[in-house]
Amino acid sequence: MKKPNAIKHNANTEKWLYPSGFYCVVRRFSSKEEKRRVVANVVDPDTFGDVSVLGFENHLNLFHKNKRGLPQALAHGLAVFLNTTAVDENFRRFNGHTQVNATDLRLMRYPSRDTLVELGEWAADRGELTQAMIDAKLETLAE
């Protein structure tokens, strides 16, 4: 590989590492040709085996709580909400660029924490989700 794909865990790098846990991540960059600007996923700690800390690349925006992971249902709920068509359309309406900054994400309006957890639990019960399912669920939550 041409680029490094790991970070050495030591006193100098400790500040960049996060305890293993569930996190919601959003890509910072997209091209104008891409269908979506806001692309969110959940980092599942089981994917990385028995590690105590995780390092995240700079091209990701990271949702965390005091530099710790989120409850699993909340992480999934955030990812589902951020992947709705309504969020993507709203983001495109107010941002003319292809970069998704942390400030852009902070300024967005989010459903309540309880609603996000409910959305995450709903998603977990469904397994594979389609865009139509996600958008329909968001509409029922808004009612």
# chains A, B, ... in the order shown; residues from 1 in each chain; ligands from 1
$ select_by_dssp --residues "chain A" --states "strand (DSSP E or B)" --output "ChimeraX atom specification"
/A:17-19,22-27,29,40-43,53-55,60-63,65,68,70,99
$ residues_around --residues "region 49-53 of chain A" --least-positions-apart "4" --cutoff "7 Å" --atoms "only C-alpha atoms" --output "list of chain:residue names"
A:Leu17, A:Tyr18, A:Pro19, A:Ser20
$ write_last_selection --atoms "N, CA and C atoms" --output "PDB file, in the first residue's frame"
ATOM      1  N   LEU A  17      -6.734   8.546  19.297  1.00  0.00           N
ATOM      2  CA  LEU A  17      -7.394   7.251  19.355  1.00  0.00           C
ATOM      3  C   LEU A  17      -8.656   7.313  20.223  1.00  0.00           C
ATOM      4  N   TYR A  18      -9.606   6.474  19.896  1.00  0.00           N
ATOM      5  CA  TYR A  18     -10.892   6.416  20.601  1.00  0.00           C
ATOM      6  C   TYR A  18     -11.067   5.014  21.173  1.00  0.00           C
ATOM      7  N   PRO A  19     -11.668   4.910  22.350  1.00  0.00           N
ATOM      8  CA  PRO A  19     -11.937   3.579  22.905  1.00  0.00           C
ATOM      9  C   PRO A  19     -12.838   2.786  21.952  1.00  0.00           C
ATOM     10  N   SER A  20     -12.611   1.505  21.863  1.00  0.00           N
ATOM     11  CA  SER A  20     -13.432   0.648  21.023  1.00  0.00           C
ATOM     12  C   SER A  20     -14.894   0.811  21.410  1.00  0.00           C
TER      13      SER A  20
END
$ closest_residue --among "A:Phe22, A:Arg28, A:Ile134, A:His64" --to "Thr47 (chain A)" --atoms "only C-alpha atoms"
A:Phe22
$ select_by_dssp --residues "region 67-134 of chain A" --states "helix (DSSP H, G or I)" --output "JSON, numbers by chain"
{"A": [72, 73, 74, 75, 76, 77, 78, 79, 80, 81, 82, 85, 86, 87, 88, 89, 90, 91, 92, 93, 94, 102, 103, 104, 105, 106, 107, 113, 114, 115, 116, 117, 118, 119, 120, 121, 122, 123, 124, 125, 126, 131, 132, 133, 134]}
$ write_last_selection --atoms "N, CA and C atoms" --output "CSV table (one decimal), in the first residue's frame"
chain,number,residue,atom,x,y,z
A,72,GLN,N,-25.4,1.4,20.9
A,72,GLN,CA,-25.5,0.8,19.6
A,72,GLN,C,-26.7,1.3,18.9
A,73,ALA,N,-27.9,1.4,19.5
A,73,ALA,CA,-29.1,1.8,18.9
A,73,ALA,C,-29.0,3.3,18.4
A,74,LEU,N,-28.4,4.1,19.2
A,74,LEU,CA,-28.2,5.5,18.9
A,74,LEU,C,-27.3,5.7,17.7
A,75,ALA,N,-26.2,4.9,17.6
A,75,ALA,CA,-25.3,5.0,16.5
A,75,ALA,C,-26.0,4.6,15.2
A,76,HIS,N,-26.8,3.5,15.3
A,76,HIS,CA,-27.6,3.1,14.1
A,76,HIS,C,-28.7,4.1,13.7
A,77,GLY,N,-29.3,4.6,14.7
A,77,GLY,CA,-30.4,5.6,14.5
A,77,GLY,C,-29.8,6.9,13.8
A,78,LEU,N,-28.7,7.3,14.2
A,78,LEU,CA,-28.0,8.5,13.6
A,78,LEU,C,-27.7,8.2,12.1
A,79,ALA,N,-27.2,7.0,11.9
A,79,ALA,CA,-26.8,6.6,10.5
A,79,ALA,C,-28.0,6.6,9.6
A,80,VAL,N,-29.1,5.9,10.1
A,80,VAL,CA,-30.3,5.8,9.3
A,80,VAL,C,-30.8,7.2,9.1
A,81,PHE,N,-30.9,8.1,10.1
A,81,PHE,CA,-31.5,9.4,9.9
A,81,PHE,C,-30.6,10.2,8.9
A,82,LEU,N,-29.3,10.1,9.0
A,82,LEU,CA,-28.4,10.9,8.1
A,82,LEU,C,-28.5,10.4,6.7
A,85,THR,N,-33.3,10.7,2.4
A,85,THR,CA,-33.3,11.6,1.3
A,85,THR,C,-33.6,13.0,1.8
A,86,ALA,N,-34.4,13.2,2.8
A,86,ALA,CA,-34.7,14.5,3.3
A,86,ALA,C,-33.5,15.2,3.8
A,87,VAL,N,-32.6,14.5,4.5
A,87,VAL,CA,-31.4,15.1,5.0
A,87,VAL,C,-30.5,15.5,3.9
A,88,ASP,N,-30.3,14.6,2.9
A,88,ASP,CA,-29.5,14.8,1.8
A,88,ASP,C,-30.0,16.0,1.0
A,89,GLU,N,-31.3,16.1,0.7
A,89,GLU,CA,-31.8,17.2,-0.1
A,89,GLU,C,-31.6,18.5,0.7
A,90,ASN,N,-31.9,18.5,2.0
A,90,ASN,CA,-31.7,19.7,2.8
A,90,ASN,C,-30.2,20.2,2.8
A,91,PHE,N,-29.3,19.2,2.9
A,91,PHE,CA,-27.9,19.5,2.9
A,91,PHE,C,-27.5,20.2,1.6
A,92,ARG,N,-28.0,19.6,0.5
A,92,ARG,CA,-27.7,20.1,-0.9
A,92,ARG,C,-28.3,21.5,-1.1
A,93,ARG,N,-29.4,21.8,-0.5
A,93,ARG,CA,-30.1,23.1,-0.6
A,93,ARG,C,-29.3,24.2,0.0
A,94,PHE,N,-28.7,23.9,1.2
A,94,PHE,CA,-28.0,24.9,1.9
A,94,PHE,C,-26.4,24.9,1.7
A,102,ALA,N,-17.8,19.1,9.9
A,102,ALA,CA,-18.3,18.8,11.2
A,102,ALA,C,-19.3,20.0,11.6
A,103,THR,N,-19.0,21.2,11.3
A,103,THR,CA,-19.8,22.3,11.6
A,103,THR,C,-21.2,22.2,10.9
A,104,ASP,N,-21.2,21.8,9.6
A,104,ASP,CA,-22.4,21.5,8.9
A,104,ASP,C,-23.3,20.5,9.6
A,105,LEU,N,-22.7,19.5,10.1
A,105,LEU,CA,-23.4,18.4,10.8
A,105,LEU,C,-23.9,18.9,12.2
A,106,ARG,N,-23.1,19.7,12.9
A,106,ARG,CA,-23.5,20.3,14.2
A,106,ARG,C,-24.7,21.2,14.0
A,107,LEU,N,-24.8,21.9,13.0
A,107,LEU,CA,-25.9,22.9,12.8
A,107,LEU,C,-27.2,22.3,12.3
A,113,ARG,N,-33.2,12.3,20.9
A,113,ARG,CA,-32.4,11.1,21.2
A,113,ARG,C,-33.3,9.9,21.2
A,114,ASP,N,-34.4,10.0,21.9
A,114,ASP,CA,-35.4,8.9,22.0
A,114,ASP,C,-35.8,8.4,20.6
A,115,THR,N,-36.1,9.4,19.7
A,115,THR,CA,-36.5,9.1,18.3
A,115,THR,C,-35.4,8.4,17.6
A,116,LEU,N,-34.1,8.9,17.8
A,116,LEU,CA,-33.0,8.3,17.1
A,116,LEU,C,-32.8,6.8,17.6
A,117,VAL,N,-32.9,6.6,18.9
A,117,VAL,CA,-32.8,5.3,19.4
A,117,VAL,C,-33.9,4.4,18.8
A,118,GLU,N,-35.1,4.9,18.8
A,118,GLU,CA,-36.2,4.1,18.2
A,118,GLU,C,-35.9,3.8,16.7
A,119,LEU,N,-35.4,4.7,16.0
A,119,LEU,CA,-35.0,4.5,14.6
A,119,LEU,C,-33.9,3.4,14.5
A,120,GLY,N,-32.9,3.5,15.4
A,120,GLY,CA,-31.9,2.5,15.4
A,120,GLY,C,-32.4,1.1,15.7
A,121,GLU,N,-33.3,1.0,16.7
A,121,GLU,CA,-33.9,-0.3,17.0
A,121,GLU,C,-34.7,-0.9,15.9
A,122,TRP,N,-35.5,0.0,15.2
A,122,TRP,CA,-36.3,-0.3,14.0
A,122,TRP,C,-35.4,-0.9,12.9
A,123,ALA,N,-34.3,-0.2,12.7
A,123,ALA,CA,-33.3,-0.6,11.6
A,123,ALA,C,-32.7,-2.0,12.0
A,124,ALA,N,-32.4,-2.2,13.2
A,124,ALA,CA,-31.8,-3.5,13.7
A,124,ALA,C,-32.8,-4.7,13.4
A,125,ASP,N,-34.1,-4.4,13.6
A,125,ASP,CA,-35.1,-5.5,13.4
A,125,ASP,C,-35.3,-5.8,11.9
A,126,ARG,N,-34.9,-4.9,11.0
A,126,ARG,CA,-35.1,-5.0,9.6
A,126,ARG,C,-34.0,-5.7,8.8
A,131,GLN,N,-33.6,2.5,0.5
A,131,GLN,CA,-33.9,4.0,0.7
A,131,GLN,C,-35.4,4.2,0.9
A,132,ALA,N,-36.2,3.5,0.2
A,132,ALA,CA,-37.7,3.7,0.3
A,132,ALA,C,-38.1,3.4,1.8
A,133,MET,N,-37.6,2.3,2.4
A,133,MET,CA,-37.9,1.9,3.7
A,133,MET,C,-37.5,3.0,4.7
A,134,ILE,N,-36.3,3.5,4.5
A,134,ILE,CA,-35.7,4.5,5.4
A,134,ILE,C,-36.6,5.8,5.4
$ residues_around --residues "Ile7 (chain A)" --least-positions-apart "5" --cutoff "12 Å" --atoms "only C-alpha atoms" --output "MDAnalysis selection string"
chainID A and resid 12:17 53:57
$ write_last_selection --atoms "N, CA, C and O atoms" --output "short mmCIF file (atom, residue, chain, number, x, y, z; two decimals), in the first residue's frame"
data_model
loop_
_atom_site.label_atom_id
_atom_site.label_comp_id
_atom_site.auth_asym_id
_atom_site.auth_seq_id
_atom_site.Cartn_x
_atom_site.Cartn_y
_atom_site.Cartn_z
N ASN A 12 2.40 9.57 22.09
CA ASN A 12 2.23 10.66 21.12
C ASN A 12 0.93 10.54 20.31
O ASN A 12 0.39 11.54 19.87
N THR A 13 0.45 9.33 20.11
CA THR A 13 -0.74 9.14 19.27
C THR A 13 -2.01 8.91 20.09
O THR A 13 -3.10 8.87 19.53
N GLU A 14 -1.89 8.78 21.39
CA GLU A 14 -3.04 8.51 22.26
C GLU A 14 -4.19 9.50 22.04
O GLU A 14 -5.35 9.13 22.04
N LYS A 15 -3.86 10.76 21.82
CA LYS A 15 -4.88 11.80 21.66
C LYS A 15 -5.74 11.60 20.41
O LYS A 15 -6.82 12.16 20.30
N TRP A 16 -5.26 10.82 19.46
CA TRP A 16 -6.00 10.59 18.21
C TRP A 16 -6.83 9.31 18.24
O TRP A 16 -7.55 9.04 17.29
N LEU A 17 -6.73 8.55 19.30
CA LEU A 17 -7.39 7.25 19.36
C LEU A 17 -8.66 7.31 20.22
O LEU A 17 -8.74 8.12 21.15
N VAL A 53 -8.61 0.24 21.32
CA VAL A 53 -8.78 1.58 20.75
C VAL A 53 -8.90 1.50 19.23
O VAL A 53 -8.44 0.56 18.61
N LEU A 54 -9.52 2.54 18.67
CA LEU A 54 -9.69 2.66 17.22
C LEU A 54 -9.14 4.00 16.76
O LEU A 54 -9.26 4.99 17.47
N GLY A 55 -8.57 4.02 15.58
CA GLY A 55 -8.12 5.26 14.96
C GLY A 55 -8.97 5.54 13.73
O GLY A 55 -9.29 4.62 12.97
N PHE A 56 -9.37 6.78 13.53
CA PHE A 56 -10.22 7.16 12.41
C PHE A 56 -9.47 8.12 11.50
O PHE A 56 -8.82 9.05 11.98
N GLU A 57 -9.60 7.90 10.20
CA GLU A 57 -8.94 8.77 9.24
C GLU A 57 -9.59 10.15 9.23
O GLU A 57 -10.76 10.31 9.58
#
$ atom_distance --atom1 "CA of Val26 (chain A)" --atom2 "CA of Asn41 (chain A)"
6.6 Å
$ decode --residues "region 121-132 of chain A" --atoms "all heavy atoms" --output "PDB file, in the first residue's frame"
ATOM      1  N   GLU A 121     -33.306   0.973  16.669  1.00  0.00           N
ATOM      2  CA  GLU A 121     -33.901  -0.326  17.015  1.00  0.00           C
ATOM      3  C   GLU A 121     -34.742  -0.856  15.865  1.00  0.00           C
ATOM      4  O   GLU A 121     -34.723  -2.046  15.551  1.00  0.00           O
ATOM      5  CB  GLU A 121     -34.728  -0.192  18.293  1.00  0.00           C
ATOM      6  CG  GLU A 121     -33.864   0.032  19.522  1.00  0.00           C
ATOM      7  CD  GLU A 121     -34.651   0.449  20.755  1.00  0.00           C
ATOM      8  OE1 GLU A 121     -35.857   0.783  20.629  1.00  0.00           O
ATOM      9  OE2 GLU A 121     -34.050   0.439  21.847  1.00  0.00           O
ATOM     10  N   TRP A 122     -35.482   0.034  15.214  1.00  0.00           N
ATOM     11  CA  TRP A 122     -36.278  -0.344  14.043  1.00  0.00           C
ATOM     12  C   TRP A 122     -35.365  -0.901  12.948  1.00  0.00           C
ATOM     13  O   TRP A 122     -35.649  -1.941  12.354  1.00  0.00           O
ATOM     14  CB  TRP A 122     -37.057   0.865  13.542  1.00  0.00           C
ATOM     15  CG  TRP A 122     -37.704   0.662  12.208  1.00  0.00           C
ATOM     16  CD1 TRP A 122     -38.910   0.070  11.951  1.00  0.00           C
ATOM     17  CD2 TRP A 122     -37.165   1.034  10.935  1.00  0.00           C
ATOM     18  NE1 TRP A 122     -39.145   0.058  10.597  1.00  0.00           N
ATOM     19  CE2 TRP A 122     -38.099   0.642   9.952  1.00  0.00           C
ATOM     20  CE3 TRP A 122     -35.981   1.667  10.529  1.00  0.00           C
ATOM     21  CZ2 TRP A 122     -37.881   0.850   8.598  1.00  0.00           C
ATOM     22  CZ3 TRP A 122     -35.766   1.880   9.179  1.00  0.00           C
ATOM     23  CH2 TRP A 122     -36.719   1.476   8.228  1.00  0.00           C
ATOM     24  N   ALA A 123     -34.255  -0.217  12.694  1.00  0.00           N
ATOM     25  CA  ALA A 123     -33.324  -0.648  11.650  1.00  0.00           C
ATOM     26  C   ALA A 123     -32.726  -2.010  11.980  1.00  0.00           C
ATOM     27  O   ALA A 123     -32.565  -2.857  11.093  1.00  0.00           O
ATOM     28  CB  ALA A 123     -32.221   0.397  11.467  1.00  0.00           C
ATOM     29  N   ALA A 124     -32.399  -2.247  13.240  1.00  0.00           N
ATOM     30  CA  ALA A 124     -31.810  -3.520  13.655  1.00  0.00           C
ATOM     31  C   ALA A 124     -32.776  -4.677  13.414  1.00  0.00           C
ATOM     32  O   ALA A 124     -32.353  -5.784  13.058  1.00  0.00           O
ATOM     33  CB  ALA A 124     -31.405  -3.452  15.123  1.00  0.00           C
ATOM     34  N   ASP A 125     -34.060  -4.409  13.571  1.00  0.00           N
ATOM     35  CA  ASP A 125     -35.066  -5.451  13.365  1.00  0.00           C
ATOM     36  C   ASP A 125     -35.285  -5.758  11.887  1.00  0.00           C
ATOM     37  O   ASP A 125     -35.855  -6.797  11.553  1.00  0.00           O
ATOM     38  CB  ASP A 125     -36.414  -5.031  13.983  1.00  0.00           C
ATOM     39  CG  ASP A 125     -36.361  -4.988  15.493  1.00  0.00           C
ATOM     40  OD1 ASP A 125     -35.446  -5.615  16.074  1.00  0.00           O
ATOM     41  OD2 ASP A 125     -37.232  -4.329  16.094  1.00  0.00           O
ATOM     42  N   ARG A 126     -34.884  -4.869  11.000  1.00  0.00           N
ATOM     43  CA  ARG A 126     -35.144  -5.024   9.570  1.00  0.00           C
ATOM     44  C   ARG A 126     -34.015  -5.738   8.833  1.00  0.00           C
ATOM     45  O   ARG A 126     -34.245  -6.296   7.786  1.00  0.00           O
ATOM     46  CB  ARG A 126     -35.352  -3.658   8.888  1.00  0.00           C
ATOM     47  CG  ARG A 126     -36.520  -2.851   9.404  1.00  0.00           C
ATOM     48  CD  ARG A 126     -37.823  -3.561   9.134  1.00  0.00           C
ATOM     49  NE  ARG A 126     -38.966  -2.968   9.760  1.00  0.00           N
ATOM     50  CZ  ARG A 126     -39.315  -3.050  11.030  1.00  0.00           C
ATOM     51  NH1 ARG A 126     -38.553  -3.653  11.885  1.00  0.00           N
ATOM     52  NH2 ARG A 126     -40.424  -2.515  11.485  1.00  0.00           N
ATOM     53  N   GLY A 127     -32.800  -5.657   9.327  1.00  0.00           N
ATOM     54  CA  GLY A 127     -31.674  -6.221   8.575  1.00  0.00           C
ATOM     55  C   GLY A 127     -31.322  -5.303   7.417  1.00  0.00           C
ATOM     56  O   GLY A 127     -30.913  -4.174   7.623  1.00  0.00           O
ATOM     57  N   GLU A 128     -31.544  -5.773   6.201  1.00  0.00           N
ATOM     58  CA  GLU A 128     -31.235  -4.984   5.005  1.00  0.00           C
ATOM     59  C   GLU A 128     -32.277  -3.881   4.811  1.00  0.00           C
ATOM     60  O   GLU A 128     -33.479  -4.148   4.812  1.00  0.00           O
ATOM     61  CB  GLU A 128     -31.226  -5.896   3.782  1.00  0.00           C
ATOM     62  CG  GLU A 128     -30.769  -5.233   2.521  1.00  0.00           C
ATOM     63  CD  GLU A 128     -29.309  -5.455   2.242  1.00  0.00           C
ATOM     64  OE1 GLU A 128     -28.717  -6.342   2.832  1.00  0.00           O
ATOM     65  OE2 GLU A 128     -28.776  -4.711   1.418  1.00  0.00           O
ATOM     66  N   LEU A 129     -31.827  -2.655   4.633  1.00  0.00           N
ATOM     67  CA  LEU A 129     -32.729  -1.518   4.453  1.00  0.00           C
ATOM     68  C   LEU A 129     -32.605  -0.954   3.051  1.00  0.00           C
ATOM     69  O   LEU A 129     -31.514  -0.909   2.489  1.00  0.00           O
ATOM     70  CB  LEU A 129     -32.399  -0.413   5.458  1.00  0.00           C
ATOM     71  CG  LEU A 129     -32.604  -0.721   6.927  1.00  0.00           C
ATOM     72  CD1 LEU A 129     -32.072   0.415   7.791  1.00  0.00           C
ATOM     73  CD2 LEU A 129     -34.069  -0.954   7.216  1.00  0.00           C
ATOM     74  N   THR A 130     -33.723  -0.491   2.524  1.00  0.00           N
ATOM     75  CA  THR A 130     -33.702   0.214   1.248  1.00  0.00           C
ATOM     76  C   THR A 130     -33.938   1.697   1.511  1.00  0.00           C
ATOM     77  O   THR A 130     -34.427   2.076   2.586  1.00  0.00           O
ATOM     78  CB  THR A 130     -34.815  -0.301   0.306  1.00  0.00           C
ATOM     79  OG1 THR A 130     -36.085   0.024   0.881  1.00  0.00           O
ATOM     80  CG2 THR A 130     -34.695  -1.803   0.075  1.00  0.00           C
ATOM     81  N   GLN A 131     -33.634   2.527   0.546  1.00  0.00           N
ATOM     82  CA  GLN A 131     -33.872   3.959   0.685  1.00  0.00           C
ATOM     83  C   GLN A 131     -35.351   4.238   0.901  1.00  0.00           C
ATOM     84  O   GLN A 131     -35.727   5.072   1.715  1.00  0.00           O
ATOM     85  CB  GLN A 131     -33.358   4.720  -0.539  1.00  0.00           C
ATOM     86  CG  GLN A 131     -33.366   6.214  -0.371  1.00  0.00           C
ATOM     87  CD  GLN A 131     -32.352   6.659   0.669  1.00  0.00           C
ATOM     88  OE1 GLN A 131     -31.175   6.370   0.563  1.00  0.00           O
ATOM     89  NE2 GLN A 131     -32.798   7.355   1.699  1.00  0.00           N
ATOM     90  N   ALA A 132     -36.208   3.512   0.203  1.00  0.00           N
ATOM     91  CA  ALA A 132     -37.658   3.706   0.347  1.00  0.00           C
ATOM     92  C   ALA A 132     -38.119   3.374   1.767  1.00  0.00           C
ATOM     93  O   ALA A 132     -38.949   4.093   2.342  1.00  0.00           O
ATOM     94  CB  ALA A 132     -38.404   2.847  -0.675  1.00  0.00           C
TER      95      ALA A 132
END
